[in-house]
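A.B. asks: mmCIF, C-alpha atoms, file start-v3.cif:
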data_coords
#
loop_
_atom_site.group_PDB
_atom_site.id
_atom_site.type_symbol
_atom_site.label_atom_id
_atom_site.label_comp_id
_atom_site.auth_asym_id
_atom_site.auth_seq_id
_atom_site.Cartn_x
_atom_site.Cartn_y
_atom_site.Cartn_z
ATOM 1 C CA MET A 67 -42.322 41.867 -13.108
ATOM 2 C CA PHE A 68 -42.074 38.946 -15.476
ATOM 3 C CA GLN A 69 -38.342 39.562 -15.917
ATOM 4 C CA GLY A 70 -37.943 39.804 -12.130
ATOM 5 C CA SER A 71 -39.646 36.412 -11.747
ATOM 6 C CA ILE A 72 -37.264 34.854 -14.247
ATOM 7 C CA ARG A 73 -34.238 36.270 -12.405
ATOM 8 C CA ALA A 74 -35.650 35.092 -9.085
ATOM 9 C CA GLY A 75 -36.165 31.611 -10.526
ATOM 10 C CA MET A 76 -32.676 31.450 -11.955
ATOM 11 C CA LEU A 77 -31.004 32.311 -8.667
ATOM 12 C CA PRO A 78 -32.019 29.088 -6.819
ATOM 13 C CA ALA A 79 -31.020 27.079 -9.888
ATOM 14 C CA LEU A 80 -27.589 28.697 -9.895
ATOM 15 C CA LEU A 81 -27.211 28.055 -6.192
ATOM 16 C CA LEU A 82 -28.143 24.395 -6.681
ATOM 17 C CA CYS A 83 -25.593 24.081 -9.480
ATOM 18 C CA ALA A 84 -22.906 25.664 -7.324
ATOM 19 C CA ALA A 85 -23.742 23.411 -4.388
ATOM 20 C CA GLY A 86 -23.538 20.381 -6.644
ATOM 21 C CA ALA A 87 -20.133 21.461 -7.920
ATOM 22 C CA VAL A 88 -18.825 21.981 -4.353
ATOM 23 C CA ALA A 89 -20.167 18.605 -3.234
ATOM 24 C CA GLN A 90 -18.238 16.871 -6.031
ATOM 25 C CA SER A 91 -14.954 18.688 -5.391
ATOM 26 C CA PRO A 92 -12.489 16.492 -3.493
ATOM 27 C CA VAL A 93 -11.958 17.295 0.137
ATOM 28 C CA THR A 94 -8.291 17.240 0.993
ATOM 29 C CA SER A 95 -6.642 17.017 4.354
ATOM 30 C CA SER A 96 -3.363 15.870 5.780
ATOM 31 C CA TYR A 97 -1.942 14.534 8.985
ATOM 32 C CA ASP A 98 1.555 14.103 10.356
ATOM 33 C CA ILE A 99 2.563 11.227 12.581
ATOM 34 C CA ASN A 100 5.555 12.436 14.527
ATOM 35 C CA LEU A 101 7.929 9.727 15.648
ATOM 36 C CA ASN A 102 10.270 10.432 18.512
ATOM 37 C CA ASN A 103 12.529 7.619 19.641
ATOM 38 C CA ALA A 104 10.157 5.006 18.236
ATOM 39 C CA VAL A 105 12.011 1.721 18.581
ATOM 40 C CA THR A 106 12.145 -1.029 16.039
ATOM 41 C CA VAL A 107 14.423 -4.052 16.089
ATOM 42 C CA ASN A 108 17.020 -5.017 13.509
ATOM 43 C CA GLY A 109 15.324 -8.240 12.498
ATOM 44 C CA CYS A 110 18.019 -9.111 9.990
ATOM 45 C CA ALA A 111 20.888 -10.241 12.121
ATOM 46 C CA THR A 112 21.818 -8.490 15.322
ATOM 47 C CA GLY A 113 18.500 -7.908 17.045
ATOM 48 C CA GLU A 114 19.777 -4.440 17.821
ATOM 49 C CA PRO A 115 17.128 -1.860 18.776
ATOM 50 C CA VAL A 116 16.959 0.989 16.284
ATOM 51 C CA ALA A 117 15.411 4.271 17.429
ATOM 52 C CA LEU A 118 13.430 6.091 14.748
ATOM 53 C CA ASP A 119 12.745 9.802 14.586
ATOM 54 C CA GLY A 120 10.926 11.825 11.980
ATOM 55 C CA THR A 121 7.561 12.101 10.327
ATOM 56 C CA VAL A 122 5.083 9.953 8.482
ATOM 57 C CA HIS A 123 3.017 12.376 6.413
ATOM 58 C CA ILE A 124 -0.478 11.322 5.346
ATOM 59 C CA ASP A 125 -2.343 13.081 2.522
ATOM 60 C CA LEU A 126 -6.025 12.445 1.871
ATOM 61 C CA SER A 127 -8.246 13.260 -1.058
ATOM 62 C CA ALA A 128 -11.909 12.386 -0.437
ATOM 63 C CA SER A 129 -14.641 12.626 -3.023
ATOM 64 C CA THR A 130 -17.943 11.120 -4.022
ATOM 65 C CA GLY A 131 -17.632 8.120 -6.249
ATOM 66 C CA GLY A 132 -19.469 7.596 -9.514
ATOM 67 C CA ALA A 133 -22.213 5.520 -7.922
ATOM 68 C CA GLY A 134 -22.590 7.896 -5.006
ATOM 69 C CA GLY A 135 -20.270 6.152 -2.572
ATOM 70 C CA SER A 136 -17.041 7.475 -1.117
ATOM 71 C CA HIS A 137 -13.687 7.523 -2.852
ATOM 72 C CA PHE A 138 -10.636 8.019 -0.652
ATOM 73 C CA THR A 139 -7.097 8.341 -1.991
ATOM 74 C CA ILE A 140 -4.500 8.212 0.761
ATOM 75 C CA THR A 141 -0.757 8.647 0.370
ATOM 76 C CA ALA A 142 1.641 7.919 3.216
ATOM 77 C CA ALA A 143 5.227 9.124 3.009
ATOM 78 C CA ASP A 144 7.901 8.799 5.647
ATOM 79 C CA ASN A 145 11.019 10.857 6.279
ATOM 80 C CA LEU A 146 12.942 9.188 9.063
ATOM 81 C CA THR A 147 16.336 8.898 10.666
ATOM 82 C CA GLY A 148 17.355 5.936 12.759
ATOM 83 C CA SER A 149 20.064 5.179 15.250
ATOM 84 C CA GLY A 150 21.261 1.734 16.248
ATOM 85 C CA GLN A 151 21.202 1.652 20.009
ATOM 86 C CA THR A 152 24.163 -0.712 20.310
ATOM 87 C CA THR A 153 26.363 0.005 17.300
ATOM 88 C CA GLY A 154 25.429 3.648 16.849
ATOM 89 C CA THR A 155 24.788 2.993 13.166
ATOM 90 C CA ALA A 156 22.837 5.782 11.505
ATOM 91 C CA TYR A 157 19.973 5.034 9.142
ATOM 92 C CA THR A 158 17.696 7.074 6.890
ATOM 93 C CA ALA A 159 14.353 6.243 5.290
ATOM 94 C CA GLY A 160 12.193 8.117 2.811
ATOM 95 C CA ASP A 161 9.504 6.353 0.832
ATOM 96 C CA SER A 162 5.798 6.418 0.071
ATOM 97 C CA ASP A 163 2.826 4.228 -0.788
ATOM 98 C CA THR A 164 -0.708 4.983 -1.963
ATOM 99 C CA TYR A 165 -3.976 3.390 -0.910
ATOM 100 C CA ILE A 166 -7.405 3.870 -2.495
ATOM 101 C CA SER A 167 -10.624 2.918 -0.775
ATOM 102 C CA ASN A 168 -14.058 2.878 -2.417
ATOM 103 C CA SER A 169 -17.131 2.065 -0.393
ATOM 104 C CA ASP A 170 -20.738 3.030 0.340
ATOM 105 C CA GLU A 171 -19.699 4.506 3.679
ATOM 106 C CA PRO A 172 -18.820 8.165 4.315
ATOM 107 C CA SER A 173 -15.817 7.217 6.429
ATOM 108 C CA ALA A 174 -12.901 4.805 6.339
ATOM 109 C CA ASP A 175 -10.918 2.816 8.850
ATOM 110 C CA LEU A 176 -7.860 1.099 7.367
ATOM 111 C CA THR A 177 -4.679 -0.516 8.583
ATOM 112 C CA VAL A 178 -2.079 -0.603 5.823
ATOM 113 C CA GLU A 179 1.642 -1.172 5.467
ATOM 114 C CA LEU A 180 4.217 1.411 4.455
ATOM 115 C CA LYS A 181 7.471 -0.214 3.368
ATOM 116 C CA SER A 182 10.666 1.802 3.298
ATOM 117 C CA ASP A 183 14.321 1.131 2.692
ATOM 118 C CA LEU A 184 16.108 1.845 5.973
ATOM 119 C CA LYS A 185 19.456 2.746 4.482
ATOM 120 C CA SER A 186 22.518 2.275 6.612
ATOM 121 C CA GLN A 187 24.936 5.196 6.697
ATOM 122 C CA GLY A 188 27.731 2.899 7.769
ATOM 123 C CA SER A 189 29.042 -0.578 7.117
ATOM 124 C CA THR A 190 26.023 -2.309 8.637
ATOM 125 C CA PRO A 191 23.686 -3.674 5.953
ATOM 126 C CA GLY A 192 20.502 -1.772 5.253
ATOM 127 C CA LEU A 193 17.076 -2.979 6.241
ATOM 128 C CA THR A 194 13.511 -2.924 4.956
ATOM 129 C CA LEU A 195 11.262 -1.150 7.440
ATOM 130 C CA VAL A 196 7.585 -2.109 7.466
ATOM 131 C CA GLN A 197 5.323 0.233 9.399
ATOM 132 C CA SER A 198 1.679 -0.617 10.075
ATOM 133 C CA LEU A 199 -0.398 2.512 9.842
ATOM 134 C CA HIS A 200 -3.917 2.718 11.285
ATOM 135 C CA ILE A 201 -5.671 5.447 9.285
ATOM 136 C CA VAL A 202 -9.149 6.753 10.092
ATOM 137 C CA VAL A 203 -11.139 9.155 7.945
ATOM 138 C CA ASP A 204 -14.252 10.533 9.628
ATOM 139 C CA THR A 205 -17.504 11.566 7.979
ATOM 140 C CA THR A 206 -16.309 15.162 7.531
ATOM 141 C CA GLY A 207 -13.139 14.111 5.711
ATOM 142 C CA ASN A 208 -10.776 14.662 8.621
ATOM 143 C CA ILE A 209 -7.968 12.160 8.820
ATOM 144 C CA SER A 210 -6.006 10.822 11.750
ATOM 145 C CA ALA A 211 -3.383 8.110 11.829
ATOM 146 C CA GLN A 212 -0.920 6.339 14.047
ATOM 147 C CA VAL A 213 1.847 3.808 13.686
ATOM 148 C CA VAL A 214 0.544 0.652 15.352
ATOM 149 C CA GLY A 215 3.463 -1.614 14.579
ATOM 150 C CA ASN A 216 6.800 -1.873 12.870
ATOM 151 C CA SER A 217 9.257 -4.542 11.859
ATOM 152 C CA THR A 218 12.423 -4.859 9.841
ATOM 153 C CA SER A 219 13.848 -7.459 7.505
ATOM 154 C CA CYS A 220 17.117 -7.841 5.652
ATOM 155 C CA GLY A 221 17.919 -5.830 2.593
ATOM 156 C CA SER A 222 17.307 -2.365 1.270
ATOM 157 C CA MET B 1114 8.672 12.856 -0.547
ATOM 158 C CA LEU B 1115 9.996 9.801 -2.392
ATOM 159 C CA HIS B 1116 13.752 9.566 -1.951
ATOM 160 C CA ARG B 1117 15.387 6.947 -4.116
ATOM 161 C CA LYS B 1118 18.762 7.120 -5.720
ATOM 162 C CA ASN B 1119 19.384 5.760 -9.138
ATOM 163 C CA VAL B 1120 15.795 4.924 -9.861
ATOM 164 C CA LYS B 1121 15.443 3.322 -13.204
ATOM 165 C CA LEU B 1122 11.983 2.179 -13.852
ATOM 166 C CA ALA B 1123 11.164 -0.616 -16.173
ATOM 167 C CA LEU B 1124 7.631 -1.606 -16.910
ATOM 168 C CA THR B 1125 7.438 -5.283 -16.221
ATOM 169 C CA PHE B 1126 4.827 -7.896 -16.525
ATOM 170 C CA ALA B 1127 1.137 -7.257 -16.690
ATOM 171 C CA GLY B 1128 -1.003 -7.910 -13.683
ATOM 172 C CA LEU B 1129 -1.740 -11.365 -12.484
ATOM 173 C CA ALA B 1130 -5.047 -12.765 -13.559
ATOM 174 C CA ILE B 1131 -8.066 -11.863 -11.506
ATOM 175 C CA ILE B 1132 -8.651 -14.324 -8.729
ATOM 176 C CA MET B 1133 -12.274 -14.910 -7.874
ATOM 177 C CA CYS B 1134 -13.099 -16.769 -4.729
ATOM 178 C CA ALA B 1135 -16.525 -17.866 -3.642
ATOM 179 C CA PRO B 1136 -17.658 -16.578 -0.269
ATOM 180 C CA ALA B 1137 -16.749 -18.675 2.706
ATOM 181 C CA ALA B 1138 -18.455 -18.864 6.048
ATOM 182 C CA PHE B 1139 -17.948 -15.717 8.087
ATOM 183 C CA GLY B 1140 -14.677 -16.001 9.983
ATOM 184 C CA GLN B 1141 -13.215 -18.528 7.577
ATOM 185 C CA ALA B 1142 -10.271 -17.482 5.452
ATOM 186 C CA ILE B 1143 -10.806 -17.333 1.714
ATOM 187 C CA VAL B 1144 -7.541 -18.715 0.396
ATOM 188 C CA ASN B 1145 -6.324 -18.723 -3.159
ATOM 189 C CA ASP B 1146 -3.061 -19.690 -4.795
ATOM 190 C CA THR B 1147 -2.477 -18.485 -8.335
ATOM 191 C CA PRO B 1148 0.609 -19.741 -10.131
ATOM 192 C CA PHE B 1149 2.304 -17.540 -12.674
ATOM 193 C CA THR B 1150 5.022 -18.399 -15.168
ATOM 194 C CA ASN B 1151 7.598 -16.508 -17.187
ATOM 195 C CA MET B 1152 6.706 -13.039 -16.018
ATOM 196 C CA SER B 1153 9.367 -10.760 -17.491
ATOM 197 C CA VAL B 1154 11.230 -8.248 -15.338
ATOM 198 C CA MET B 1155 13.978 -6.057 -16.721
ATOM 199 C CA ASN B 1156 16.907 -5.100 -14.498
ATOM 200 C CA SER B 1157 17.970 -1.854 -16.120
ATOM 201 C CA CYS B 1158 21.042 -1.644 -13.879
ATOM 202 C CA ASN B 1159 22.759 -4.611 -15.475
ATOM 203 C CA GLY B 1160 20.640 -5.267 -18.553
ATOM 204 C CA ASP B 1161 19.247 -8.533 -17.240
ATOM 205 C CA THR B 1162 15.885 -9.780 -18.419
ATOM 206 C CA ILE B 1163 14.504 -11.988 -15.687
ATOM 207 C CA SER B 1164 11.777 -14.523 -16.297
ATOM 208 C CA VAL B 1165 10.032 -15.068 -12.979
ATOM 209 C CA SER B 1166 7.742 -17.965 -12.121
ATOM 210 C CA GLY B 1167 5.991 -18.678 -8.873
ATOM 211 C CA THR B 1168 2.771 -18.312 -6.926
ATOM 212 C CA PHE B 1169 0.637 -15.441 -5.678
ATOM 213 C CA HIS B 1170 -1.057 -16.483 -2.433
ATOM 214 C CA SER B 1171 -3.876 -14.505 -0.840
ATOM 215 C CA GLU B 1172 -5.994 -14.955 2.263
ATOM 216 C CA THR B 1173 -9.042 -12.829 3.111
ATOM 217 C CA THR B 1174 -10.938 -13.181 6.376
ATOM 218 C CA SER B 1175 -13.976 -11.278 7.631
ATOM 219 C CA SER B 1176 -15.359 -11.297 11.146
ATOM 220 C CA THR B 1177 -17.604 -9.133 13.303
ATOM 221 C CA ASN B 1178 -16.057 -6.877 15.936
ATOM 222 C CA PRO B 1179 -17.702 -6.484 19.374
ATOM 223 C CA ASN B 1180 -18.889 -3.042 18.201
ATOM 224 C CA GLY B 1181 -20.751 -4.616 15.292
ATOM 225 C CA PHE B 1182 -18.330 -3.482 12.613
ATOM 226 C CA ILE B 1183 -17.010 -5.982 10.110
ATOM 227 C CA HIS B 1184 -13.274 -6.532 10.326
ATOM 228 C CA THR B 1185 -11.632 -7.752 7.126
ATOM 229 C CA SER B 1186 -8.042 -8.902 7.108
ATOM 230 C CA PHE B 1187 -6.084 -9.384 3.883
ATOM 231 C CA ASN B 1188 -2.728 -11.126 3.539
ATOM 232 C CA SER B 1189 -0.849 -11.925 0.363
ATOM 233 C CA THR B 1190 2.517 -13.430 -0.479
ATOM 234 C CA LEU B 1191 4.349 -13.352 -3.774
ATOM 235 C CA LYS B 1192 6.860 -16.192 -4.100
ATOM 236 C CA GLY B 1193 8.907 -16.802 -7.194
ATOM 237 C CA THR B 1194 12.279 -17.465 -8.735
ATOM 238 C CA GLY B 1195 13.897 -16.452 -11.974
ATOM 239 C CA VAL B 1196 17.116 -16.455 -13.910
ATOM 240 C CA GLY B 1197 18.546 -13.321 -15.449
ATOM 241 C CA VAL B 1198 19.745 -13.220 -19.027
ATOM 242 C CA PRO B 1199 22.534 -12.594 -19.863
ATOM 243 C CA SER B 1200 24.056 -12.642 -16.343
ATOM 244 C CA ARG B 1201 22.565 -16.070 -15.494
ATOM 245 C CA ALA B 1202 22.104 -14.773 -11.941
ATOM 246 C CA ASN B 1203 19.359 -16.348 -9.889
ATOM 247 C CA TYR B 1204 16.699 -14.077 -8.427
ATOM 248 C CA VAL B 1205 14.220 -14.795 -5.648
ATOM 249 C CA VAL B 1206 11.074 -12.954 -4.530
ATOM 250 C CA ASN B 1207 9.383 -13.926 -1.272
ATOM 251 C CA ASP B 1208 7.498 -10.987 0.114
ATOM 252 C CA GLY B 1209 4.085 -10.164 1.445
ATOM 253 C CA GLN B 1210 1.447 -7.579 2.072
ATOM 254 C CA HIS B 1211 -1.042 -7.092 4.902
ATOM 255 C CA ALA B 1212 -4.060 -4.824 5.269
ATOM 256 C CA GLU B 1213 -7.140 -4.561 7.494
ATOM 257 C CA VAL B 1214 -10.423 -2.741 7.045
ATOM 258 C CA ASN B 1215 -13.165 -1.990 9.550
ATOM 259 C CA SER B 1216 -16.487 -1.239 7.914
ATOM 260 C CA LYS B 1217 -20.231 -1.458 8.448
ATOM 261 C CA THR B 1218 -20.727 -3.665 5.431
ATOM 262 C CA VAL B 1219 -18.686 -6.473 3.953
ATOM 263 C CA ALA B 1220 -18.634 -4.901 0.480
ATOM 264 C CA MET B 1221 -15.493 -2.921 -0.250
ATOM 265 C CA GLU B 1222 -12.910 -2.073 -2.840
ATOM 266 C CA GLN B 1223 -9.298 -1.363 -1.961
ATOM 267 C CA TYR B 1224 -6.248 -0.520 -4.042
ATOM 268 C CA MET B 1225 -3.026 -0.978 -2.073
ATOM 269 C CA SER B 1226 0.423 -0.223 -3.377
ATOM 270 C CA THR B 1227 3.367 -2.031 -1.896
ATOM 271 C CA LYS B 1228 6.965 -2.876 -2.574
ATOM 272 C CA MET B 1229 8.551 -6.304 -2.767
ATOM 273 C CA LYS B 1230 12.203 -7.255 -3.089
ATOM 274 C CA LEU B 1231 13.568 -9.320 -5.969
ATOM 275 C CA ILE B 1232 16.813 -10.536 -4.446
ATOM 276 C CA ALA B 1233 19.730 -11.430 -6.706
ATOM 277 C CA GLN B 1234 21.814 -14.396 -5.666
ATOM 278 C CA GLY B 1235 25.321 -13.111 -6.239
ATOM 279 C CA PRO B 1236 26.849 -9.794 -7.217
ATOM 280 C CA SER B 1237 23.954 -8.643 -9.421
ATOM 281 C CA PRO B 1238 21.946 -5.752 -7.977
ATOM 282 C CA ASN B 1239 18.704 -6.469 -6.169
ATOM 283 C CA MET B 1240 15.490 -4.986 -7.438
ATOM 284 C CA THR B 1241 12.403 -3.450 -5.917
ATOM 285 C CA LEU B 1242 9.044 -4.393 -7.427
ATOM 286 C CA ARG B 1243 6.239 -1.883 -6.946
ATOM 287 C CA ILE B 1244 2.894 -3.593 -7.133
ATOM 288 C CA THR B 1245 -0.725 -2.478 -6.758
ATOM 289 C CA THR B 1246 -3.109 -5.036 -5.305
ATOM 290 C CA HIS B 1247 -6.794 -4.571 -6.104
ATOM 291 C CA LEU B 1248 -9.136 -6.220 -3.598
ATOM 292 C CA VAL B 1249 -12.889 -6.308 -4.148
ATOM 293 C CA VAL B 1250 -15.371 -7.948 -1.806
ATOM 294 C CA ASN B 1251 -18.993 -7.822 -2.941
ATOM 295 C CA ALA B 1252 -22.071 -7.845 -0.738
ATOM 296 C CA ASN B 1253 -22.191 -11.635 -0.952
ATOM 297 C CA GLY B 1254 -18.638 -11.927 0.313
ATOM 298 C CA THR B 1255 -17.178 -12.983 -3.022
ATOM 299 C CA VAL B 1256 -13.540 -11.913 -3.159
ATOM 300 C CA LYS B 1257 -11.697 -10.725 -6.258
ATOM 301 C CA VAL B 1258 -7.974 -10.061 -6.098
ATOM 302 C CA ASN B 1259 -5.695 -8.944 -8.877
ATOM 303 C CA THR B 1260 -2.342 -7.276 -9.067
ATOM 304 C CA SER B 1261 -1.281 -4.644 -11.545
ATOM 305 C CA GLY B 1262 1.005 -1.727 -12.117
ATOM 306 C CA PHE B 1263 4.199 -3.701 -11.724
ATOM 307 C CA GLN B 1264 7.213 -1.425 -11.855
ATOM 308 C CA ALA B 1265 10.738 -2.575 -11.177
ATOM 309 C CA SER B 1266 13.639 -0.457 -10.043
ATOM 310 C CA CYS B 1267 17.133 -1.578 -9.273
ATOM 311 C CA ASN B 1268 18.801 -0.720 -5.996
#
Starting from the file, give its structure as structure tokens.

C.D. replies:
Amino acid sequence: MFQGSIRAGMLPALLLCAAGAVAQSPVTSSYDINLNNAVTVNGCATGEPVALDGTVHIDLSASTGGAGGSHFTITAADNLTGSGQTTGTAYTAGDSDTYISNSDEPSADLTVELKSDLKSQGSTPGLTLVQSLHIVVDTTGNISAQVVGNSTSCGS
Amino acid sequence: MLHRKNVKLALTFAGLAIIMCAPAAFGQAIVNDTPFTNMSVMNSCNGDTISVSGTFHSETTSSTNPNGFIHTSFNSTLKGTGVGVPSRANYVVNDGQHAEVNSKTVAMEQYMSTKMKLIAQGPSPNMTLRITTHLVVNANGTVKVNTSGFQASCN
């Protein structure tokens, strides 16, 4: 009976340890922003509209910080093609940036910039594409995002 | 996910000194200009060592949204010039970064990576500077900004 009591006492302790380990494991999720004919403007010289297609992929790792707050690591990576609507110039873009947010809150609401080289596949000079991404992480670690703005400048 | 041709990374200068700004009235921008001199950047495409001098400018503003959340807006600009040795080419950086945060409290800590262009004046290849900006706002609204993790790659 005494041995049974010890085993019974150990079981809740083991469960508490396991729960603690799970709580500290990062929660990961991802989200894809699909762009279909999203128009930006060649802000370098011509003012030509450039239609963008492809994906901005968002990866999230959420965990509890050392002081008990939230630690979010977010990576945004784009894989895009573009088409100049006047010249027919083809463009490609593929780049990534990382953002880390630490706070006392269990959620996050950020607007960040993802800069990419928009490489011309022709004689037209390349561009730098700047996309503003509004990223929201809810209290359960789910992530959603959207492109809320874009612009281009000379050079890639 | 990261597609770059001919990436040659060169560890460049250490982060800019921490900028500490006293809290301003809510809604007012906390502005700081930090000059830097002779920050060394290596262009591994042509062997240039570039000594860059200029200013790191940051503005942080917090306000209250109609829903009661605190909206913080961060803008920074890195402006500088340098001369490459041995090419004697002139280089210019004039690029910025923008971020916004909606939160229930003013205290926050953000690390934001970005890319800025170091443009060569002439036939020398341009460079891309990868920078991490560390923004900390404490509960009193005091702002700390520093940059680190500079990595340069030539285009």

A.B. asks: What is the atom CA of A:Glu179 to atom CA of B:Gly1197 distance in Å?

C.D. replies: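 Between atom CA of A:Glu179 and atom CA of B:Gly1197 the gap works out to 29.5 Å.
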
A.B. asks: Give me the residues within 8 Å of B:Gln1223 as a list in words, counting only C-alpha atoms and dropping any in the same chain fewer than 2 places off.

C.D. replies: Tyr165, Ile166, Ser167 and Asn168 of chain A; Met1221, Met1225, Thr1246, His1247, Leu1248 and Val1249 of chain B

A.B. asks: Quick one: 5 Å padding each side, axis-aligned, all listed atoms of stretch 164-167 of chain A - centre and edge lengths in Å to one decimal, as lines of an AutoDock Vina configuration file?

C.D. replies:
center_x = -5.7
center_y = 4.0
center_z = -1.6
size_x = 19.9
size_y = 12.1
size_z = 11.7

A.B. asks: Work out how far apart atom CA of A:Ser149 and atom CA of A:Asp125 are and give it in Å to one decimal.

C.D. replies: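 Between these atoms lies a distance of 27.0 Å.
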
A.B. asks: Would you kindly translate the PyMOL selection byres ((chain B) within 10 of (chain A)) into the concrete residues it picks from this file, as a PyMOL selection string?

C.D. replies: chain B and resi 1114-1117+1184-1187+1210-1230+1232+1239-1241+1243+1245-1249+1268

A.B. asks: In Å, with one decimal, what is the gap from atom CA of A:Thr206 to atom CA of A:Ile124?

C.D. replies: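 Atom CA of A:Ile124 lies 16.4 Å from atom CA of A:Thr206.
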
A.B. asks: Skipping near chain neighbours, those fewer than 4 positions away, what residues fall within 8 Å of A:Leu193 using all atoms listed in the file, listed as a list in words?

C.D. replies: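 Everything that qualifies: Asn108, Cys110, Asp183, Leu184, Lys185, Ser186, Thr218, Ser219, Cys220, Gly221 and Ser222 of chain A.
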
A.B. asks: Could you write those residues out with C-alpha atoms, as a compact mmCIF listing (two decimals), in the frame of the given file?

C.D. replies:
# COMPACT_ATOMS: atom_id res chain seq x y z
CA ASN A 108 17.02 -5.02 13.51
CA CYS A 110 18.02 -9.11 9.99
CA ASP A 183 14.32 1.13 2.69
CA LEU A 184 16.11 1.84 5.97
CA LYS A 185 19.46 2.75 4.48
CA SER A 186 22.52 2.28 6.61
CA THR A 218 12.42 -4.86 9.84
CA SER A 219 13.85 -7.46 7.50
CA CYS A 220 17.12 -7.84 5.65
CA GLY A 221 17.92 -5.83 2.59
CA SER A 222 17.31 -2.37 1.27

A.B. asks: Considering all atoms listed in the file, return as a list in words whatever protein or nucleic-acid residues lie within 7 Å of B:Val1205, sequence-local ones (same chain, fewer than 4 positions apart) excluded.

C.D. replies: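 Answer for this query is Gly1193, Thr1194, Gly1195, Leu1231, Ile1232 and Ala1233 of chain B.
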
A.B. asks: The PyMOL selection byres ((chain B and resi 1161) around 9) on the file shown: which residues, as a list in words?

C.D. replies: Val1154, Met1155, Asn1156, Ser1157, Cys1158, Asn1159, Gly1160, Thr1162, Ile1163, Val1196, Gly1197, Val1198, Pro1199, Ser1200, Arg1201 and Ala1202 of chain B

A.B. asks: So what does the PyMOL selection byres ((chain A and resi 117) around 7) actually pick up in this one, as a list in words?

C.D. replies: Asn103, Ala104, Val105, Thr106, Pro115, Val116, Leu118, Asp119, Gly148, Ser149, Gly150 and Gln151 of chain A

A.B. asks: Using only C-alpha atoms, find the one residue out of B:Asn1188, B:Thr1260, B:Asn1180, B:Thr1255 that sits nearest to B:Phe1149.

C.D. replies: B:Thr1260

A.B. asks: Determine the nearest neighbour of A:Gly215 from the options A:Val107, A:Gly188, A:Gly154, A:Ser136, counting all atoms listed in the file.

C.D. replies: A:Val107

A.B. asks: Rank A:Tyr157, A:Thr190, A:Ala128, A:Leu101 by their smallest atom-to-atom distance to A:Val214, using only C-alpha atoms, and report the top residue only.

C.D. replies: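 Checking each candidate against A:Val214, we get A:Leu101 as the closest.
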